[in-house]
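Data from entry-v1.cif: mmCIF, C-alpha atoms
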data_data
loop_
_atom_site.group_PDB
_atom_site.id
_atom_site.type_symbol
_atom_site.label_atom_id
_atom_site.label_comp_id
_atom_site.auth_asym_id
_atom_site.auth_seq_id
_atom_site.Cartn_x
_atom_site.Cartn_y
_atom_site.Cartn_z
ATOM 1 C CA HIS I 676 3.444 5.522 -8.852
ATOM 2 C CA LEU I 677 -0.216 5.914 -7.860
ATOM 3 C CA PRO I 678 -0.825 9.584 -8.737
ATOM 4 C CA VAL I 679 -2.883 10.375 -5.640
ATOM 5 C CA MET I 680 -0.199 8.889 -3.380
ATOM 6 C CA MET I 681 2.409 10.986 -5.155
ATOM 7 C CA GLN I 682 0.337 13.987 -4.065
ATOM 8 C CA VAL I 683 0.394 12.759 -0.468
ATOM 9 C CA GLY I 684 4.133 12.201 -0.731
ATOM 10 C CA ALA I 685 4.600 15.793 -1.842
ATOM 11 C CA MET I 686 2.585 17.028 1.133
ATOM 12 C CA ALA I 687 4.698 14.958 3.511
ATOM 13 C CA ALA I 688 7.956 16.060 1.902
ATOM 14 C CA HIS I 689 6.982 19.742 2.248
ATOM 15 C CA GLY I 690 6.173 19.228 5.935
ATOM 16 C CA VAL I 691 2.541 20.379 5.817
ATOM 17 C CA LEU I 692 1.410 17.182 7.570
ATOM 18 C CA GLY I 693 4.011 17.581 10.308
ATOM 19 C CA GLU I 694 5.536 14.506 11.927
ATOM 20 C CA ILE I 695 3.737 11.435 10.628
ATOM 21 C CA THR I 696 2.971 9.102 13.515
ATOM 22 C CA TYR I 697 0.350 6.746 12.095
ATOM 23 C CA ALA I 698 -0.684 5.229 8.779
ATOM 24 C CA TYR I 699 -3.318 2.719 7.733
ATOM 25 C CA GLY I 700 -3.657 0.668 4.563
ATOM 26 C CA GLU I 701 -6.223 -1.793 3.199
ATOM 27 C CA TYR I 702 -6.117 -4.213 0.314
ATOM 28 C CA LEU I 703 -9.495 -5.934 -0.061
ATOM 29 C CA HIS I 704 -10.159 -8.234 -3.014
ATOM 30 C CA ASP I 705 -12.647 -11.116 -2.993
ATOM 31 C CA VAL I 706 -10.804 -13.787 -4.985
ATOM 32 C CA ARG I 707 -12.640 -16.883 -3.754
ATOM 33 C CA ASP I 708 -13.436 -17.798 -7.350
ATOM 34 C CA LEU I 709 -9.703 -17.867 -8.099
ATOM 35 C CA LEU I 710 -8.677 -20.202 -5.275
ATOM 36 C CA ARG I 711 -9.470 -23.388 -7.235
ATOM 37 C CA ASP I 712 -8.917 -24.229 -10.863
ATOM 38 C CA GLU I 713 -11.506 -25.875 -13.114
ATOM 39 C CA GLN I 714 -10.518 -29.298 -11.772
ATOM 40 C CA GLY I 715 -10.942 -28.176 -8.173
ATOM 41 C CA ASN I 716 -7.213 -28.063 -7.410
ATOM 42 C CA PRO I 717 -5.848 -25.261 -5.228
ATOM 43 C CA THR I 718 -4.242 -22.418 -7.174
ATOM 44 C CA TRP I 719 -1.227 -20.444 -5.982
ATOM 45 C CA ARG I 720 -3.562 -18.070 -4.162
ATOM 46 C CA ALA I 721 -4.916 -20.905 -2.019
ATOM 47 C CA ARG I 722 -1.370 -22.000 -1.214
ATOM 48 C CA TYR I 723 -0.271 -18.523 -0.211
ATOM 49 C CA PRO I 724 1.025 -18.526 3.404
ATOM 50 C CA ALA I 725 -1.292 -15.719 4.525
ATOM 51 C CA ALA I 726 -3.090 -12.773 2.977
ATOM 52 C CA ILE I 727 -0.903 -10.331 4.922
ATOM 53 C CA GLN I 728 2.224 -11.545 3.157
ATOM 54 C CA TYR I 729 0.916 -9.764 0.046
ATOM 55 C CA SER I 730 1.638 -6.458 1.724
ATOM 56 C CA THR I 731 3.687 -4.416 -0.720
ATOM 57 C CA HIS I 732 0.675 -2.706 -2.368
ATOM 58 C CA GLU I 733 0.055 -0.718 0.800
ATOM 59 C CA LEU I 734 3.404 -0.744 2.571
ATOM 60 C CA GLY I 735 5.260 0.416 -0.519
ATOM 61 C CA PRO I 736 3.504 3.788 -0.897
ATOM 62 C CA ILE I 737 3.282 4.324 2.869
ATOM 63 C CA LEU I 738 6.979 3.678 3.480
ATOM 64 C CA GLU I 739 7.858 5.982 0.595
ATOM 65 C CA ILE I 740 5.728 8.754 2.093
ATOM 66 C CA LEU I 741 7.160 8.224 5.580
ATOM 67 C CA ASN I 742 10.721 7.714 4.269
ATOM 68 C CA ASP I 743 10.952 4.970 6.851
ATOM 69 C CA SER I 744 11.350 1.208 7.297
ATOM 70 C CA ILE I 745 9.728 -1.493 9.455
ATOM 71 C CA VAL I 746 11.440 -2.896 12.558
ATOM 72 C CA SER I 747 8.741 -5.163 14.060
ATOM 73 C CA VAL I 748 5.283 -6.601 13.422
ATOM 74 C CA SER I 749 2.447 -8.484 15.110
ATOM 75 C CA THR I 750 -0.373 -10.030 13.042
ATOM 76 C CA SER I 751 -3.817 -11.303 14.013
ATOM 77 C CA ALA I 752 -6.736 -12.916 12.186
ATOM 78 C CA PRO I 753 -10.302 -13.645 13.322
ATOM 79 C CA GLY I 754 -10.311 -17.163 11.907
ATOM 80 C CA GLN I 755 -10.849 -19.038 8.680
ATOM 81 C CA HIS I 756 -14.083 -17.796 7.078
ATOM 82 C CA SER I 757 -14.044 -19.787 3.842
ATOM 83 C CA GLY I 758 -13.654 -23.524 3.418
ATOM 84 C CA ARG I 759 -12.157 -22.816 0.002
ATOM 85 C CA LEU I 760 -9.106 -21.231 1.550
ATOM 86 C CA ALA I 761 -5.970 -23.150 2.374
ATOM 87 C CA ASP I 762 -5.336 -23.996 6.026
ATOM 88 C CA GLY I 763 -3.902 -21.087 7.947
ATOM 89 C CA MET I 764 -5.118 -18.372 5.570
ATOM 90 C CA SER I 765 -8.133 -16.423 6.783
ATOM 91 C CA GLY I 766 -10.184 -13.758 5.106
ATOM 92 C CA THR I 767 -8.996 -10.836 7.197
ATOM 93 C CA ASN I 768 -5.405 -10.445 8.378
ATOM 94 C CA VAL I 769 -4.467 -7.347 10.391
ATOM 95 C CA ALA I 770 -0.831 -6.445 10.981
ATOM 96 C CA VAL I 771 0.523 -3.772 13.300
ATOM 97 C CA PHE I 772 3.942 -2.594 12.151
ATOM 98 C CA ARG I 773 6.346 -0.332 14.040
ATOM 99 C CA THR I 774 8.827 1.722 12.048
ATOM 100 C CA ARG I 775 12.424 2.730 12.623
ATOM 101 C CA ARG I 776 11.195 6.244 13.451
ATOM 102 C CA ASP I 777 8.631 4.879 15.916
ATOM 103 C CA ALA I 778 5.519 5.399 13.798
ATOM 104 C CA ILE I 779 2.717 2.824 13.714
ATOM 105 C CA ILE I 780 1.363 1.334 10.472
ATOM 106 C CA VAL I 781 -1.773 -0.827 10.551
ATOM 107 C CA GLN I 782 -2.584 -2.931 7.517
ATOM 108 C CA ARG I 783 -5.603 -5.086 6.714
ATOM 109 C CA ASN I 784 -5.540 -7.600 3.880
ATOM 110 C CA ASP I 785 -8.627 -9.629 2.980
ATOM 111 C CA PHE I 786 -8.994 -11.822 -0.091
ATOM 112 C CA ALA I 787 -12.094 -13.809 0.898
ATOM 113 C CA SER I 788 -14.764 -11.672 2.563
ATOM 114 C CA PRO I 789 -17.702 -10.768 0.267
ATOM 115 C CA ARG I 790 -17.468 -7.404 -1.456
ATOM 116 C CA PRO I 791 -18.516 -6.173 -4.924
ATOM 117 C CA SER I 792 -15.091 -5.029 -6.158
ATOM 118 C CA ILE I 793 -11.470 -4.541 -5.227
ATOM 119 C CA GLY I 794 -10.895 -1.937 -2.529
ATOM 120 C CA ARG I 795 -7.920 0.113 -1.463
ATOM 121 C CA ARG I 796 -7.697 2.678 1.320
ATOM 122 C CA TYR I 797 -4.926 4.680 2.927
ATOM 123 C CA VAL I 798 -4.805 6.989 5.933
ATOM 124 C CA ILE I 799 -1.799 9.165 6.775
ATOM 125 C CA GLN I 800 -1.926 10.979 10.132
ATOM 126 C CA GLY I 801 0.560 13.690 11.012
ATOM 127 C CA SER I 802 0.943 16.179 13.832
ATOM 128 C CA LEU I 803 -0.271 19.023 11.586
ATOM 129 C CA GLY I 804 -2.825 17.284 9.389
ATOM 130 C CA MET I 805 -4.012 14.088 7.770
ATOM 131 C CA VAL I 806 -4.964 12.536 4.443
ATOM 132 C CA GLU I 807 -7.509 9.853 3.549
ATOM 133 C CA VAL I 808 -7.360 8.105 0.184
ATOM 134 C CA SER I 809 -10.565 6.282 -0.690
ATOM 135 C CA TYR I 810 -11.629 3.202 -2.611
ATOM 136 C CA GLY I 811 -12.350 3.246 -6.285
ATOM 137 C CA ARG I 812 -10.692 3.858 -9.601
ATOM 138 C CA PRO I 813 -9.363 6.368 -10.032
ATOM 139 C CA CYS I 814 -8.403 6.672 -6.394
ATOM 140 C CA THR I 815 -9.459 9.941 -4.834
ATOM 141 C CA GLY I 816 -8.846 11.489 -1.466
ATOM 142 C CA ARG I 817 -9.317 14.314 0.964
ATOM 143 C CA TYR I 818 -7.026 16.137 3.363
ATOM 144 C CA PHE I 819 -7.202 18.252 6.494
ATOM 145 C CA LEU I 820 -4.602 20.760 7.648
ATOM 146 C CA GLU I 821 -4.535 22.252 11.131
ATOM 147 C CA LYS I 822 -3.449 25.629 9.768
ATOM 148 C CA GLU I 823 -6.553 25.642 7.537
ATOM 149 C CA ARG I 824 -8.931 24.266 10.144
ATOM 150 C CA GLN I 825 -11.822 26.485 9.055
ATOM 151 C CA ALA I 826 -11.752 24.840 5.606
ATOM 152 C CA GLY I 827 -12.402 21.402 7.102
ATOM 153 C CA TRP I 828 -11.914 18.496 4.716
ATOM 154 C CA GLN I 829 -10.521 19.517 1.330
ATOM 155 C CA ASP I 830 -10.537 17.596 -1.951
ATOM 156 C CA LEU I 831 -7.127 16.283 -3.023
ATOM 157 C CA ALA I 832 -8.201 16.672 -6.638
ATOM 158 C CA GLN I 833 -8.447 20.423 -5.998
ATOM 159 C CA ALA I 834 -5.209 20.778 -4.015
ATOM 160 C CA PRO I 835 -3.039 23.749 -5.056
ATOM 161 C CA PRO I 836 0.564 23.435 -6.286
ATOM 162 C CA PRO I 837 2.897 21.911 -5.311
ATOM 163 C CA PHE I 838 0.358 19.324 -4.138
ATOM 164 C CA ALA I 839 -1.863 19.369 -7.226
ATOM 165 C CA PRO I 840 -2.589 16.114 -9.068
ATOM 166 C CA PRO I 841 0.123 15.177 -11.590
ATOM 167 C CA ASP I 842 -0.662 16.381 -15.107
ATOM 168 C CA GLU I 843 -1.112 13.230 -17.180
ATOM 169 C CA SER I 844 -2.918 14.837 -20.099
ATOM 170 C CA GLY I 845 0.012 14.211 -22.413
ATOM 171 C CA LEU I 846 0.258 10.464 -21.819
ATOM 172 C CA PRO I 847 -0.573 8.084 -24.686
ATOM 173 C CA PRO I 848 -3.967 6.303 -24.544
ATOM 174 C CA TRP I 849 -2.288 2.956 -23.925
ATOM 175 C CA ALA I 850 -0.851 4.294 -20.652
ATOM 176 C CA LEU I 851 -4.131 3.111 -19.102
ATOM 177 C CA SER I 852 -3.918 -0.423 -20.513
ATOM 178 C CA GLY I 853 -2.248 -1.980 -17.472
ATOM 179 C CA GLY I 854 -5.454 -2.204 -15.456
ATOM 180 C CA HIS I 855 -4.388 0.022 -12.554
ATOM 181 C CA GLY I 856 -4.691 3.469 -14.077
ATOM 182 C CA THR I 857 -1.296 4.798 -15.176
ATOM 183 C CA VAL I 858 0.671 2.984 -12.466
ATOM 184 C CA GLU I 859 2.155 0.330 -14.761
ATOM 185 C CA TYR I 860 3.079 2.928 -17.385
ATOM 186 C CA HIS I 861 5.113 4.988 -14.920
ATOM 187 C CA MET I 862 6.657 1.899 -13.322
ATOM 188 C CA VAL I 863 7.843 0.330 -16.582
ATOM 189 C CA ARG I 864 8.943 3.645 -18.048
ATOM 190 C CA GLY I 865 10.959 4.425 -14.926
ATOM 191 C CA PHE I 866 12.718 1.062 -15.138
ATOM 192 C CA LEU I 867 13.453 1.446 -18.860
ATOM 193 C CA ASP I 868 14.726 4.994 -18.365
ATOM 194 C CA ALA I 869 17.109 3.770 -15.677
ATOM 195 C CA VAL I 870 18.432 1.071 -18.011
ATOM 196 C CA ARG I 871 18.765 3.383 -21.009
ATOM 197 C CA GLN I 872 20.412 6.164 -19.051
ATOM 198 C CA GLY I 873 22.747 3.838 -17.183
ATOM 199 C CA ALA I 874 21.401 4.937 -13.821
ATOM 200 C CA ARG I 875 22.725 3.065 -10.813
ATOM 201 C CA GLN I 876 19.205 2.712 -9.456
ATOM 202 C CA GLY I 877 15.624 3.441 -10.338
ATOM 203 C CA ARG I 878 12.927 4.812 -8.066
ATOM 204 C CA CYS I 879 12.778 1.475 -6.227
ATOM 205 C CA ASP I 880 16.144 -0.239 -5.897
ATOM 206 C CA VAL I 881 16.901 -3.654 -4.388
ATOM 207 C CA ARG I 882 17.264 -2.267 -0.877
ATOM 208 C CA ARG I 883 13.929 -0.473 -1.015
ATOM 209 C CA GLY I 884 12.293 -3.528 -2.547
ATOM 210 C CA LEU I 885 13.476 -5.642 0.377
ATOM 211 C CA GLU I 886 12.254 -3.051 2.886
ATOM 212 C CA MET I 887 8.810 -3.264 1.303
ATOM 213 C CA SER I 888 8.733 -7.075 1.006
ATOM 214 C CA LEU I 889 10.372 -8.473 4.143
ATOM 215 C CA PRO I 890 7.724 -7.086 6.562
ATOM 216 C CA GLY I 891 4.974 -9.090 4.856
ATOM 217 C CA ILE I 892 6.951 -12.319 5.120
ATOM 218 C CA VAL I 893 7.573 -11.714 8.816
ATOM 219 C CA ALA I 894 3.928 -10.676 9.303
ATOM 220 C CA ALA I 895 2.801 -14.056 7.928
ATOM 221 C CA ALA I 896 5.194 -15.777 10.345
ATOM 222 C CA SER I 897 3.724 -13.759 13.229
ATOM 223 C CA LEU I 898 0.230 -14.917 12.294
ATOM 224 C CA LYS I 899 1.314 -18.544 12.471
ATOM 225 C CA GLN I 900 2.786 -17.837 15.925
ATOM 226 C CA ASP I 901 -0.496 -16.488 17.316
ATOM 227 C CA GLY I 902 0.395 -12.849 16.822
ATOM 228 C CA ALA I 903 3.869 -12.926 18.319
ATOM 229 C CA LEU I 904 5.753 -9.643 18.032
ATOM 230 C CA LEU I 905 8.601 -10.409 15.655
ATOM 231 C CA PRO I 906 11.576 -8.314 14.545
ATOM 232 C CA VAL I 907 11.916 -7.509 10.870
ATOM 233 C CA PRO I 908 15.443 -7.885 9.427
ATOM 234 C CA GLN I 909 17.051 -4.550 8.605
ATOM 235 C CA VAL I 910 18.513 -3.966 5.161
ATOM 236 C CA PRO I 911 21.987 -2.353 5.257
ATOM 237 C CA ARG I 912 21.948 1.254 4.016
#

Output the file's structure as structure tokens, nothing else.
Amino acid sequence: HLPVMMQVGAMAAHGVLGEITYAYGEYLHDVRDLLRDEQGNPTWRARYPAAIQYSTHELGPILEILNDSIVSVSTSAPGQHSGRLADGMSGTNVAVFRTRRDAIIVQRNDFASPRPSIGRRYVIQGSLGMVEVSYGRPCTGRYFLEKERQAGWQDLAQAPPPFAPPDESGLPPWALSGGHGTVEYHMVRGFLDAVRQGARQGRCDVRRGLEMSLPGIVAAASLKQDGALLPVPQVPR
């Protein structure tokens, strides 16, 4: 539901990026001050198996754009950088996922390394072009198309239809109250619409939810096994 990623999804669906072979995602959020409560006891964040298990923020949009699923993963970490973190959970976790269609997805999660604010970043590389989505709120991005090579990098905010940014001018002011732009508004409204209309499934059904969540669980297991390449269970279609 991130508007800029919906733009990227439209570009992929129309084939202007060609065959997508590689994607990269980052979720960086220094939460060291949230690892202990006021009494010094570990919070749920400190008990989390590994940062990489919290992978759906990046994998979700990427898998939607690729229309793909994960079949295997190997995860590495440079070591534990903060004494305030639970054993086995380092600042940076890097997972290398392989998809059913043989694309590679690299994801970095880091919840302990110093940085001034939360950061997100996506890269989608295809055979005919690529897209980079940058940090910040609102998220912005740029794209490059081989057929428009002379134009170089182009601003996603200025992309022509059908890749133009979604028109959200008619949304109510409280659509921004969730803390992540209009993402929560679209997510909750989509769920409620599915319930009200009796739809058999919303935009993200149980199968898709499992395809987004299981890779992170297996990625955390790979980290504990020194980066072993592990298969990811496939969800029946």

Written as number ranges by chain, which residues does the PyMOL selection byres ((chain I and resi 798) around 8) give for the file shown? I: 698-700, 796-797, 799-800, 805-808

Top pick for closest residue to Arg720 of chain I, considering I:Ala688, I:Pro753, I:Phe786, I:Thr774 and counting only C-alpha atoms: I:Phe786

Taking into account all atoms listed in the file, which residue in the set I:Ser852, I:Ser802, I:Thr815, I:Ser749 is nearest to Gln682 of chain I? I:Thr815

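The space between atom CA of Leu692 of chain I and atom CA of Asn784 of chain I spans 26.0 Å.
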
Need the shell around Met862 of chain I: protein/DNA/RNA residues with any atom at most 9 Å away, counting all atoms listed in the file. Skip same-chain ones fewer than 4 positions apart. Format as a PyMOL selection string? chain I and resi 676+857-858+866-867+878

Since the input is missing atoms, can you rebuild N, CA, C and O atoms for segment 766-792 of chain I and write them as a PDB file, in the coordinates of the input?
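Final output, saved to selection_18.pdb:
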ATOM      1  N   GLY I 766      -9.762 -14.882   5.919  1.00  0.00           N
ATOM      2  CA  GLY I 766     -10.184 -13.758   5.106  1.00  0.00           C
ATOM      3  C   GLY I 766      -9.453 -12.494   5.498  1.00  0.00           C
ATOM      4  O   GLY I 766      -8.733 -11.901   4.707  1.00  0.00           O
ATOM      5  N   THR I 767      -9.621 -12.074   6.737  1.00  0.00           N
ATOM      6  CA  THR I 767      -8.996 -10.836   7.197  1.00  0.00           C
ATOM      7  C   THR I 767      -7.738 -11.118   8.002  1.00  0.00           C
ATOM      8  O   THR I 767      -7.753 -11.902   8.944  1.00  0.00           O
ATOM      9  N   ASN I 768      -6.656 -10.477   7.603  1.00  0.00           N
ATOM     10  CA  ASN I 768      -5.405 -10.445   8.378  1.00  0.00           C
ATOM     11  C   ASN I 768      -5.140  -8.990   8.721  1.00  0.00           C
ATOM     12  O   ASN I 768      -5.246  -8.117   7.856  1.00  0.00           O
ATOM     13  N   VAL I 769      -4.791  -8.710   9.969  1.00  0.00           N
ATOM     14  CA  VAL I 769      -4.467  -7.347  10.391  1.00  0.00           C
ATOM     15  C   VAL I 769      -3.082  -7.350  11.025  1.00  0.00           C
ATOM     16  O   VAL I 769      -2.833  -8.080  11.994  1.00  0.00           O
ATOM     17  N   ALA I 770      -2.197  -6.549  10.463  1.00  0.00           N
ATOM     18  CA  ALA I 770      -0.831  -6.445  10.981  1.00  0.00           C
ATOM     19  C   ALA I 770      -0.606  -5.066  11.570  1.00  0.00           C
ATOM     20  O   ALA I 770      -1.078  -4.061  11.028  1.00  0.00           O
ATOM     21  N   VAL I 771       0.108  -5.035  12.692  1.00  0.00           N
ATOM     22  CA  VAL I 771       0.523  -3.772  13.300  1.00  0.00           C
ATOM     23  C   VAL I 771       2.046  -3.704  13.200  1.00  0.00           C
ATOM     24  O   VAL I 771       2.756  -4.476  13.832  1.00  0.00           O
ATOM     25  N   PHE I 772       2.512  -2.781  12.367  1.00  0.00           N
ATOM     26  CA  PHE I 772       3.942  -2.594  12.151  1.00  0.00           C
ATOM     27  C   PHE I 772       4.446  -1.391  12.945  1.00  0.00           C
ATOM     28  O   PHE I 772       3.740  -0.389  13.077  1.00  0.00           O
ATOM     29  N   ARG I 773       5.670  -1.483  13.446  1.00  0.00           N
ATOM     30  CA  ARG I 773       6.346  -0.332  14.040  1.00  0.00           C
ATOM     31  C   ARG I 773       7.546   0.009  13.169  1.00  0.00           C
ATOM     32  O   ARG I 773       8.256  -0.881  12.709  1.00  0.00           O
ATOM     33  N   THR I 774       7.754   1.303  12.938  1.00  0.00           N
ATOM     34  CA  THR I 774       8.827   1.722  12.048  1.00  0.00           C
ATOM     35  C   THR I 774      10.086   2.131  12.813  1.00  0.00           C
ATOM     36  O   THR I 774      10.069   2.293  14.035  1.00  0.00           O
ATOM     37  N   ARG I 775      11.142   2.314  12.050  1.00  0.00           N
ATOM     38  CA  ARG I 775      12.424   2.730  12.623  1.00  0.00           C
ATOM     39  C   ARG I 775      12.286   4.071  13.335  1.00  0.00           C
ATOM     40  O   ARG I 775      12.963   4.323  14.329  1.00  0.00           O
ATOM     41  N   ARG I 776      11.395   4.943  12.843  1.00  0.00           N
ATOM     42  CA  ARG I 776      11.195   6.244  13.451  1.00  0.00           C
ATOM     43  C   ARG I 776      10.057   6.241  14.463  1.00  0.00           C
ATOM     44  O   ARG I 776       9.553   7.285  14.850  1.00  0.00           O
ATOM     45  N   ASP I 777       9.619   5.066  14.851  1.00  0.00           N
ATOM     46  CA  ASP I 777       8.631   4.879  15.916  1.00  0.00           C
ATOM     47  C   ASP I 777       7.218   5.274  15.520  1.00  0.00           C
ATOM     48  O   ASP I 777       6.390   5.605  16.379  1.00  0.00           O
ATOM     49  N   ALA I 778       6.896   5.226  14.242  1.00  0.00           N
ATOM     50  CA  ALA I 778       5.519   5.399  13.798  1.00  0.00           C
ATOM     51  C   ALA I 778       4.832   4.036  13.779  1.00  0.00           C
ATOM     52  O   ALA I 778       5.487   2.988  13.773  1.00  0.00           O
ATOM     53  N   ILE I 779       3.506   4.048  13.769  1.00  0.00           N
ATOM     54  CA  ILE I 779       2.717   2.824  13.714  1.00  0.00           C
ATOM     55  C   ILE I 779       2.011   2.752  12.361  1.00  0.00           C
ATOM     56  O   ILE I 779       1.409   3.729  11.908  1.00  0.00           O
ATOM     57  N   ILE I 780       2.078   1.586  11.714  1.00  0.00           N
ATOM     58  CA  ILE I 780       1.363   1.334  10.472  1.00  0.00           C
ATOM     59  C   ILE I 780       0.468   0.117  10.688  1.00  0.00           C
ATOM     60  O   ILE I 780       0.944  -0.940  11.094  1.00  0.00           O
ATOM     61  N   VAL I 781      -0.823   0.271  10.449  1.00  0.00           N
ATOM     62  CA  VAL I 781      -1.773  -0.827  10.551  1.00  0.00           C
ATOM     63  C   VAL I 781      -2.210  -1.204   9.143  1.00  0.00           C
ATOM     64  O   VAL I 781      -2.562  -0.325   8.341  1.00  0.00           O
ATOM     65  N   GLN I 782      -2.178  -2.480   8.848  1.00  0.00           N
ATOM     66  CA  GLN I 782      -2.584  -2.931   7.517  1.00  0.00           C
ATOM     67  C   GLN I 782      -3.558  -4.091   7.617  1.00  0.00           C
ATOM     68  O   GLN I 782      -3.345  -5.035   8.374  1.00  0.00           O
ATOM     69  N   ARG I 783      -4.632  -3.997   6.820  1.00  0.00           N
ATOM     70  CA  ARG I 783      -5.603  -5.086   6.714  1.00  0.00           C
ATOM     71  C   ARG I 783      -5.603  -5.621   5.291  1.00  0.00           C
ATOM     72  O   ARG I 783      -5.774  -4.867   4.336  1.00  0.00           O
ATOM     73  N   ASN I 784      -5.396  -6.913   5.161  1.00  0.00           N
ATOM     74  CA  ASN I 784      -5.540  -7.600   3.880  1.00  0.00           C
ATOM     75  C   ASN I 784      -6.669  -8.608   3.995  1.00  0.00           C
ATOM     76  O   ASN I 784      -6.780  -9.316   5.011  1.00  0.00           O
ATOM     77  N   ASP I 785      -7.503  -8.696   2.967  1.00  0.00           N
ATOM     78  CA  ASP I 785      -8.627  -9.629   2.980  1.00  0.00           C
ATOM     79  C   ASP I 785      -8.937 -10.037   1.551  1.00  0.00           C
ATOM     80  O   ASP I 785      -9.307  -9.203   0.727  1.00  0.00           O
ATOM     81  N   PHE I 786      -8.771 -11.318   1.256  1.00  0.00           N
ATOM     82  CA  PHE I 786      -8.994 -11.822  -0.091  1.00  0.00           C
ATOM     83  C   PHE I 786     -10.156 -12.816  -0.154  1.00  0.00           C
ATOM     84  O   PHE I 786     -10.275 -13.557  -1.122  1.00  0.00           O
ATOM     85  N   ALA I 787     -11.019 -12.819   0.878  1.00  0.00           N
ATOM     86  CA  ALA I 787     -12.094 -13.809   0.898  1.00  0.00           C
ATOM     87  C   ALA I 787     -13.453 -13.275   1.332  1.00  0.00           C
ATOM     88  O   ALA I 787     -14.469 -13.833   0.967  1.00  0.00           O
ATOM     89  N   SER I 788     -13.482 -12.186   2.093  1.00  0.00           N
ATOM     90  CA  SER I 788     -14.764 -11.672   2.563  1.00  0.00           C
ATOM     91  C   SER I 788     -15.548 -11.067   1.396  1.00  0.00           C
ATOM     92  O   SER I 788     -14.970 -10.442   0.508  1.00  0.00           O
ATOM     93  N   PRO I 789     -16.893 -11.258   1.386  1.00  0.00           N
ATOM     94  CA  PRO I 789     -17.702 -10.768   0.267  1.00  0.00           C
ATOM     95  C   PRO I 789     -17.629  -9.253   0.107  1.00  0.00           C
ATOM     96  O   PRO I 789     -17.757  -8.510   1.082  1.00  0.00           O
ATOM     97  N   ARG I 790     -17.428  -8.809  -1.112  1.00  0.00           N
ATOM     98  CA  ARG I 790     -17.468  -7.404  -1.456  1.00  0.00           C
ATOM     99  C   ARG I 790     -17.625  -7.311  -2.972  1.00  0.00           C
ATOM    100  O   ARG I 790     -17.224  -8.225  -3.698  1.00  0.00           O
ATOM    101  N   PRO I 791     -18.208  -6.235  -3.498  1.00  0.00           N
ATOM    102  CA  PRO I 791     -18.516  -6.173  -4.924  1.00  0.00           C
ATOM    103  C   PRO I 791     -17.313  -5.951  -5.823  1.00  0.00           C
ATOM    104  O   PRO I 791     -17.344  -6.322  -6.993  1.00  0.00           O
ATOM    105  N   SER I 792     -16.236  -5.322  -5.308  1.00  0.00           N
ATOM    106  CA  SER I 792     -15.091  -5.029  -6.158  1.00  0.00           C
ATOM    107  C   SER I 792     -13.857  -4.850  -5.291  1.00  0.00           C
ATOM    108  O   SER I 792     -13.943  -4.810  -4.058  1.00  0.00           O
TER     109      SER I 792
END
